[in-house]
Amino acid sequence: MSDSLLHTPAPANLLGADARQPDDYSHYRIVPARNRARTAGTLLAAVLIAIVGNSVLGNPRWGWDVFAHWFFAEPVLSGLGRTLLLTALGALIGFALGVPVALARVSRSPLLAACAWAFVWIFRSIPLIVLLLILNNLGYLYEHVWLGVPFTHITFFEQPTTELIGPFLAAVLGLALNHAAFSAEVVRGGILSVDQGQLEAAAALGLPRGRQVRRIVLPQAMRSIVPTAFNDIIGLAKGTSVVYVLAMPELFYTVQIIYHRNLEVIPLLMVATVWYLIILTVLSAIQVHVERYFARGATRNPVPSKIGAQIARWRARLRDERRTSASAQAAAPAQSIDAAAAARWAEHRTGGTVRIHRVSKSFGAQKVLDDISLTVPSGSVTVVLGQSGSGKSTLLRSINHLERLDDGFIDVDGELLGYRREGRTLYELKEKDILSRRVDVGMVFQGFNLFPHLSVLENIVEAPVAAGVPRAEAQQLARELLARVGLANKADAWPRQLSGGQQQRVAIARALALKPKVLLFDEPTSALDPELVTEVLDVIRQLARSGTTLIIVTHEIGFAREVADTIVFMDRGRIVETGSPERVLGSPEHPRTREFLSKVL
């Protein structure tokens with residue numbers, strides 16, 4: 001009986017509750033949560049809109065018929081055109097003058113920076129209306145405008161001031177000078193917002209100073225500059241109304257003349273108000289698209305910009321056939337780049353011998369490098385070990401002259417990177433010469449320092465193109481490098497769309513693109529996934545076989561043991577032990593080396 005009970009089938013209605021498939025919720029109706037405060041606020045806003053609309057449209061004293069009569073009247077449109085012209089000229093001349101003033105403010109010349117500061121101080125301090133009156137009456141101070149060689153009688157141009165500077169030119173100059181002072185500070189703030197690592201990466205790649213500013217600094221600074229700059233332009237558009245003191249018939253002055261004649265004050269003021277609203281609405285719409293254009297690469301999922309797309313299409317049409325051919329190769333699968341092509345970047349390299357002569361460097365009272373001497377043979381792989389703060393990264397940066405030494409010097413194949421030697425005297429080179437010599441000493445930073453506003457491909461080709469390599473050739477090399485580090489399909493991606501490990505591999509490819517004699521790595525595998533470390537090691541092995549001199553700072557002992565010809569151990573700014581990996585890692589002689597290895601092995 002018990003067996004029969006155990007094996008008796010359960011009723012269908014009991015099985016159904018447990019055996020049927022989970023309910024399909026797609027047909028359920030969802031009732032959103034009620035927010036009484038939000039509903040009350042919406043109703044209140046609707047009531048206020050209705051009250052204001054009725055007050056404005058239902059009150060005959062607003063004189064909407066007069067407004068409609070004068071809105072498109074010829075005098076008003078003429079004044080509007082003059083307002084737009086003053087705004088455009090003031091903005092263009094103001095920014096054209098403000099950018100060099102901002103660059104002067106951040107220059108290393110104290111006198112130039114002081115002059116730029118004085119310009120900003122003066123023209124931000126003087127009220128615009130006072131500045132306009134001074135410029136309009138400049139003839140009382142200077143009877144003639146003279147152009148020639150100072151302190152001589154050589155004259156190129158001379159004309160009476162009152163004939164040259166009329167109300168219109170005085171208005172343009174006043175608006176431009178006032179706007180330049182404010183825009184200079186806006187641009188300077190944008191420049192200071194660019195991460196210092198971006199400047200170091202550009203300098204390490206040997207990019208000329210002008211190209212650094214044009215291609216690296218200003219495009220990134222524009223993300224900070226554009227919002228404030230458009231606020232200033234909007235303020236400039238409204239500020240044009242101040243030129244009424246010069247009897248200039250711009251929009252506001254024209255409206256004043258009309259309502260003084262017909263006494264319809266409010267309708268005419270509304271004509272000016274609506275036109276100002278239209279101007280500022282158009283400027284705000286342009287601002288949105290400009291901000292999107294300069295936000296390229298700032299987010300992982302950028303919002304497309306119509307203006308940016310139009311500019312990109314225009315630039316694409318100007319590129320030659322080689323650019324088109326290279327772009328076509330981008331769509332090809334990674335397998336289309338054969339092994340021979342992927343290895344061409346490792347050919348025809350000549351490694352440099354690095355000699356470090358009694359180098360010292362301090363930051364304030366802290367001595368980071370203390371009388372270091374070392375010779376790194378050509379084509380060798382040298383790994384620098386040591387705890388954090390031992391001076392490893394500072395030593396690398398000193399080799400690349402990103403850090404100026406307090407004492408001693410470093411040469412590559414007998415050539416000093418940052419100095420010219422005459423006897424026992426070292427003369428520091430100009431920045432232009434230092435940048436040109438840096439091409440032979442590449443560097444991969446621990447923090448990647450990729451340029452976020454440039455695609456992966458553009459990051460790699462930027463330095464070769466600046467060095468004079470044809471763009472098509474530079475792009476082909478860049479694609480081979482990307483294939484070599486396993487990122488052939490990421491050429492058109494933005495750096496922020498990559499993982500940390502992928503960004504590090506792009507940084508390695510970028511450093512290799514210039515085929516340097518010496519390549520410096522600061523923790524090259526710190527951000528790589530474990531399965532990708534082998535690929536990077538393979539890249540380093542090929543570089544070593546090709547003759548490139550490698551100096552690598554790392555904490556990974558296994559990595560050091562595998563790739564190094566020489567191990568250098570540093571402690572407190574000194575080199576305490578040097579030798580082969582077998583000797584230094586297997587049987588270290590110095591107690592500090594043994595203590596360090598006992599903690600990391």
# chains A, B, ... in the order shown; residues from 1 in each chain; ligands from 1
call {"tool": "residues_around", "arguments": {"residues": "segment 202-217 of chain A", "least_positions_apart": "3", "cutoff": "6 Å", "atoms": "only C-alpha atoms", "output": "PyMOL selection string"}}
result
chain A and resi 199+220-221+435-436+438-439+463
call {"tool": "write_last_selection", "arguments": {"atoms": "N, CA and C atoms", "output": "PDB file, in the first residue's frame"}}
result
ATOM      1  N   LEU A 199      51.686  66.719 -22.419  1.00  0.00           N
ATOM      2  CA  LEU A 199      52.830  67.518 -22.867  1.00  0.00           C
ATOM      3  C   LEU A 199      54.105  66.680 -22.857  1.00  0.00           C
ATOM      4  N   GLN A 220      42.684  69.694 -27.143  1.00  0.00           N
ATOM      5  CA  GLN A 220      42.182  69.228 -25.852  1.00  0.00           C
ATOM      6  C   GLN A 220      41.719  70.387 -24.983  1.00  0.00           C
ATOM      7  N   ALA A 221      42.430  71.516 -25.082  1.00  0.00           N
ATOM      8  CA  ALA A 221      42.028  72.682 -24.299  1.00  0.00           C
ATOM      9  C   ALA A 221      40.673  73.218 -24.733  1.00  0.00           C
ATOM     10  N   LEU A 435      64.095  68.572 -29.025  1.00  0.00           N
ATOM     11  CA  LEU A 435      63.000  67.779 -29.592  1.00  0.00           C
ATOM     12  C   LEU A 435      63.469  66.961 -30.788  1.00  0.00           C
ATOM     13  N   SER A 436      64.312  67.555 -31.628  1.00  0.00           N
ATOM     14  CA  SER A 436      64.789  66.815 -32.798  1.00  0.00           C
ATOM     15  C   SER A 436      65.672  65.645 -32.392  1.00  0.00           C
ATOM     16  N   ARG A 438      65.362  64.005 -29.562  1.00  0.00           N
ATOM     17  CA  ARG A 438      64.560  63.049 -28.805  1.00  0.00           C
ATOM     18  C   ARG A 438      63.972  61.964 -29.687  1.00  0.00           C
ATOM     19  N   VAL A 439      63.948  62.172 -30.999  1.00  0.00           N
ATOM     20  CA  VAL A 439      63.407  61.168 -31.911  1.00  0.00           C
ATOM     21  C   VAL A 439      64.152  59.846 -31.762  1.00  0.00           C
ATOM     22  N   ALA A 463      53.778  61.380 -34.767  1.00  0.00           N
ATOM     23  CA  ALA A 463      55.204  61.698 -34.686  1.00  0.00           C
ATOM     24  C   ALA A 463      55.944  61.420 -35.993  1.00  0.00           C
TER      25      ALA A 463
END
call {"tool": "select_by_dssp", "arguments": {"residues": "segment 74-299 of chain A", "states": "alpha helix (DSSP H)", "output": "VMD selection string"}}
result
chain A and resid 74 to 105 110 to 125 128 to 136 161 to 164 167 to 193 196 to 204 209 to 211 218 to 239 251 to 262 265 to 294
call {"tool": "residues_around", "arguments": {"residues": "segment 356-363 of chain A", "least_positions_apart": "5", "cutoff": "8 Å", "atoms": "only C-alpha atoms", "output": "ChimeraX atom specification"}}
result
/A:368-375,404-411
call {"tool": "closest_atom_pairs", "arguments": {"of": "segment 168-221 of chain A", "to": "segment 237-249 of chain A", "cutoff": "8 Å", "atoms": "only C-alpha atoms", "output": "JSON lines"}}
result
{"residue": "A:Phe168", "atom": "CA", "partner": "A:Met248", "partner_atom": "CA", "distance": 7.1}
{"residue": "A:Ala171", "atom": "CA", "partner": "A:Val243", "partner_atom": "CA", "distance": 6.3}
{"residue": "A:Leu175", "atom": "CA", "partner": "A:Thr240", "partner_atom": "CA", "distance": 7.6}
call {"tool": "closest_residue", "arguments": {"among": "A:Leu514, A:Val461, A:Ala474, A:Leu482", "to": "Val441 of chain A", "atoms": "only C-alpha atoms"}}
result
A:Leu514
call {"tool": "select_by_dssp", "arguments": {"residues": "segment 354-508 of chain A", "states": "strand (DSSP E or B)", "output": "VMD selection string"}}
result
chain A and resid 354 to 363 366 to 376 381 to 385 407 to 412 415 to 416 419 to 422 425 to 428 441 to 444
call {"tool": "atom_distance", "arguments": {"atom1": "atom CA of Gln503 of chain A", "atom2": "atom CA of Leu454 of chain A"}}
result
12.7 Å
call {"tool": "atom_distance", "arguments": {"atom1": "atom CA of Thr83 of chain A", "atom2": "atom CA of Tyr142 of chain A"}}
result
28.5 Å
call {"tool": "closest_residue", "arguments": {"among": "A:Val255, A:Glu158, A:Ala118, A:Ile129", "to": "Glu143 of chain A", "atoms": "only C-alpha atoms"}}
result
A:Glu158
call {"tool": "residues_around", "arguments": {"residues": "Ala73 of chain A", "least_positions_apart": "3", "cutoff": "12 Å", "atoms": "only C-alpha atoms", "output": "PyMOL selection string"}}
result
chain A and resi 66-70+76-80+251+254-255+258+268+271-272
call {"tool": "write_last_selection", "arguments": {"atoms": "N, CA, C and O atoms", "output": "PDB file, in the first residue's frame"}}
result
ATOM      1  N   VAL A  66       2.392  97.398 -33.348  1.00  0.00           N
ATOM      2  CA  VAL A  66       3.571  98.248 -33.594  1.00  0.00           C
ATOM      3  C   VAL A  66       4.820  97.383 -33.710  1.00  0.00           C
ATOM      4  O   VAL A  66       5.688  97.618 -34.559  1.00  0.00           O
ATOM      5  N   PHE A  67       4.914  96.371 -32.848  1.00  0.00           N
ATOM      6  CA  PHE A  67       6.048  95.434 -32.895  1.00  0.00           C
ATOM      7  C   PHE A  67       6.146  94.782 -34.276  1.00  0.00           C
ATOM      8  O   PHE A  67       7.222  94.726 -34.881  1.00  0.00           O
ATOM      9  N   ALA A  68       4.988  94.306 -34.788  1.00  0.00           N
ATOM     10  CA  ALA A  68       4.988  93.641 -36.089  1.00  0.00           C
ATOM     11  C   ALA A  68       5.360  94.611 -37.210  1.00  0.00           C
ATOM     12  O   ALA A  68       6.021  94.224 -38.189  1.00  0.00           O
ATOM     13  N   HIS A  69       4.963  95.870 -37.064  1.00  0.00           N
ATOM     14  CA  HIS A  69       5.254  96.853 -38.108  1.00  0.00           C
ATOM     15  C   HIS A  69       6.754  97.136 -38.201  1.00  0.00           C
ATOM     16  O   HIS A  69       7.295  97.292 -39.312  1.00  0.00           O
ATOM     17  N   TRP A  70       7.423  97.219 -37.036  1.00  0.00           N
ATOM     18  CA  TRP A  70       8.831  97.621 -37.025  1.00  0.00           C
ATOM     19  C   TRP A  70       9.815  96.450 -37.013  1.00  0.00           C
ATOM     20  O   TRP A  70      11.014  96.666 -37.203  1.00  0.00           O
ATOM     21  N   VAL A  76      15.626  98.956 -38.755  1.00  0.00           N
ATOM     22  CA  VAL A  76      15.921  97.940 -37.736  1.00  0.00           C
ATOM     23  C   VAL A  76      16.846  96.863 -38.305  1.00  0.00           C
ATOM     24  O   VAL A  76      17.825  96.448 -37.667  1.00  0.00           O
ATOM     25  N   LEU A  77      16.563  96.399 -39.513  1.00  0.00           N
ATOM     26  CA  LEU A  77      17.416  95.372 -40.122  1.00  0.00           C
ATOM     27  C   LEU A  77      18.814  95.906 -40.389  1.00  0.00           C
ATOM     28  O   LEU A  77      19.809  95.180 -40.262  1.00  0.00           O
ATOM     29  N   SER A  78      18.907  97.202 -40.761  1.00  0.00           N
ATOM     30  CA  SER A  78      20.222  97.808 -40.962  1.00  0.00           C
ATOM     31  C   SER A  78      21.003  97.853 -39.649  1.00  0.00           C
ATOM     32  O   SER A  78      22.199  97.529 -39.608  1.00  0.00           O
ATOM     33  N   GLY A  79      20.323  98.243 -38.576  1.00  0.00           N
ATOM     34  CA  GLY A  79      20.975  98.243 -37.261  1.00  0.00           C
ATOM     35  C   GLY A  79      21.351  96.843 -36.813  1.00  0.00           C
ATOM     36  O   GLY A  79      22.408  96.621 -36.209  1.00  0.00           O
ATOM     37  N   LEU A  80      20.474  95.874 -37.127  1.00  0.00           N
ATOM     38  CA  LEU A  80      20.778  94.483 -36.791  1.00  0.00           C
ATOM     39  C   LEU A  80      22.036  94.008 -37.528  1.00  0.00           C
ATOM     40  O   LEU A  80      22.908  93.348 -36.937  1.00  0.00           O
ATOM     41  N   LEU A 251      21.698  98.081 -33.540  1.00  0.00           N
ATOM     42  CA  LEU A 251      20.306  97.713 -33.268  1.00  0.00           C
ATOM     43  C   LEU A 251      19.694  98.537 -32.150  1.00  0.00           C
ATOM     44  O   LEU A 251      18.617  99.140 -32.315  1.00  0.00           O
ATOM     45  N   THR A 254      19.388 102.296 -32.992  1.00  0.00           N
ATOM     46  CA  THR A 254      18.330 102.495 -33.985  1.00  0.00           C
ATOM     47  C   THR A 254      16.952 102.459 -33.339  1.00  0.00           C
ATOM     48  O   THR A 254      16.072 103.290 -33.625  1.00  0.00           O
ATOM     49  N   VAL A 255      16.740 101.483 -32.459  1.00  0.00           N
ATOM     50  CA  VAL A 255      15.460 101.374 -31.744  1.00  0.00           C
ATOM     51  C   VAL A 255      15.217 102.617 -30.894  1.00  0.00           C
ATOM     52  O   VAL A 255      14.085 103.137 -30.818  1.00  0.00           O
ATOM     53  N   ILE A 258      13.992 105.457 -33.027  1.00  0.00           N
ATOM     54  CA  ILE A 258      12.607 105.293 -33.478  1.00  0.00           C
ATOM     55  C   ILE A 258      11.621 105.598 -32.357  1.00  0.00           C
ATOM     56  O   ILE A 258      10.625 106.326 -32.552  1.00  0.00           O
ATOM     57  N   LEU A 268       9.017  98.938 -29.285  1.00  0.00           N
ATOM     58  CA  LEU A 268      10.337  99.010 -29.939  1.00  0.00           C
ATOM     59  C   LEU A 268      11.398  98.290 -29.117  1.00  0.00           C
ATOM     60  O   LEU A 268      12.307  97.668 -29.674  1.00  0.00           O
ATOM     61  N   VAL A 271      11.133  94.752 -29.941  1.00  0.00           N
ATOM     62  CA  VAL A 271      11.763  94.441 -31.226  1.00  0.00           C
ATOM     63  C   VAL A 271      13.241  94.105 -31.001  1.00  0.00           C
ATOM     64  O   VAL A 271      13.760  93.093 -31.494  1.00  0.00           O
ATOM     65  N   ALA A 272      13.940  94.984 -30.243  1.00  0.00           N
ATOM     66  CA  ALA A 272      15.363  94.728 -29.953  1.00  0.00           C
ATOM     67  C   ALA A 272      15.529  93.451 -29.138  1.00  0.00           C
ATOM     68  O   ALA A 272      16.431  92.636 -29.405  1.00  0.00           O
TER      69      ALA A 272
END
call {"tool": "atom_distance", "arguments": {"atom1": "atom CA of Met570 of chain A", "atom2": "atom CA of Ser390 of chain A"}}
result
6.0 Å
call {"tool": "residues_around", "arguments": {"residues": "Gly442 of chain A", "least_positions_apart": "2", "cutoff": "12 Å", "atoms": "only C-alpha atoms", "output": "PyMOL selection string"}}
result
chain A and resi 200-207+351-352+396-397+399-402+435-440+444-445+463+507-522+548-552
call {"tool": "residues_around", "arguments": {"residues": "Ile567 of chain A", "least_positions_apart": "6", "cutoff": "7 Å", "atoms": "only C-alpha atoms", "output": "PyMOL selection string"}}
result
chain A and resi 382-384+578-581+584
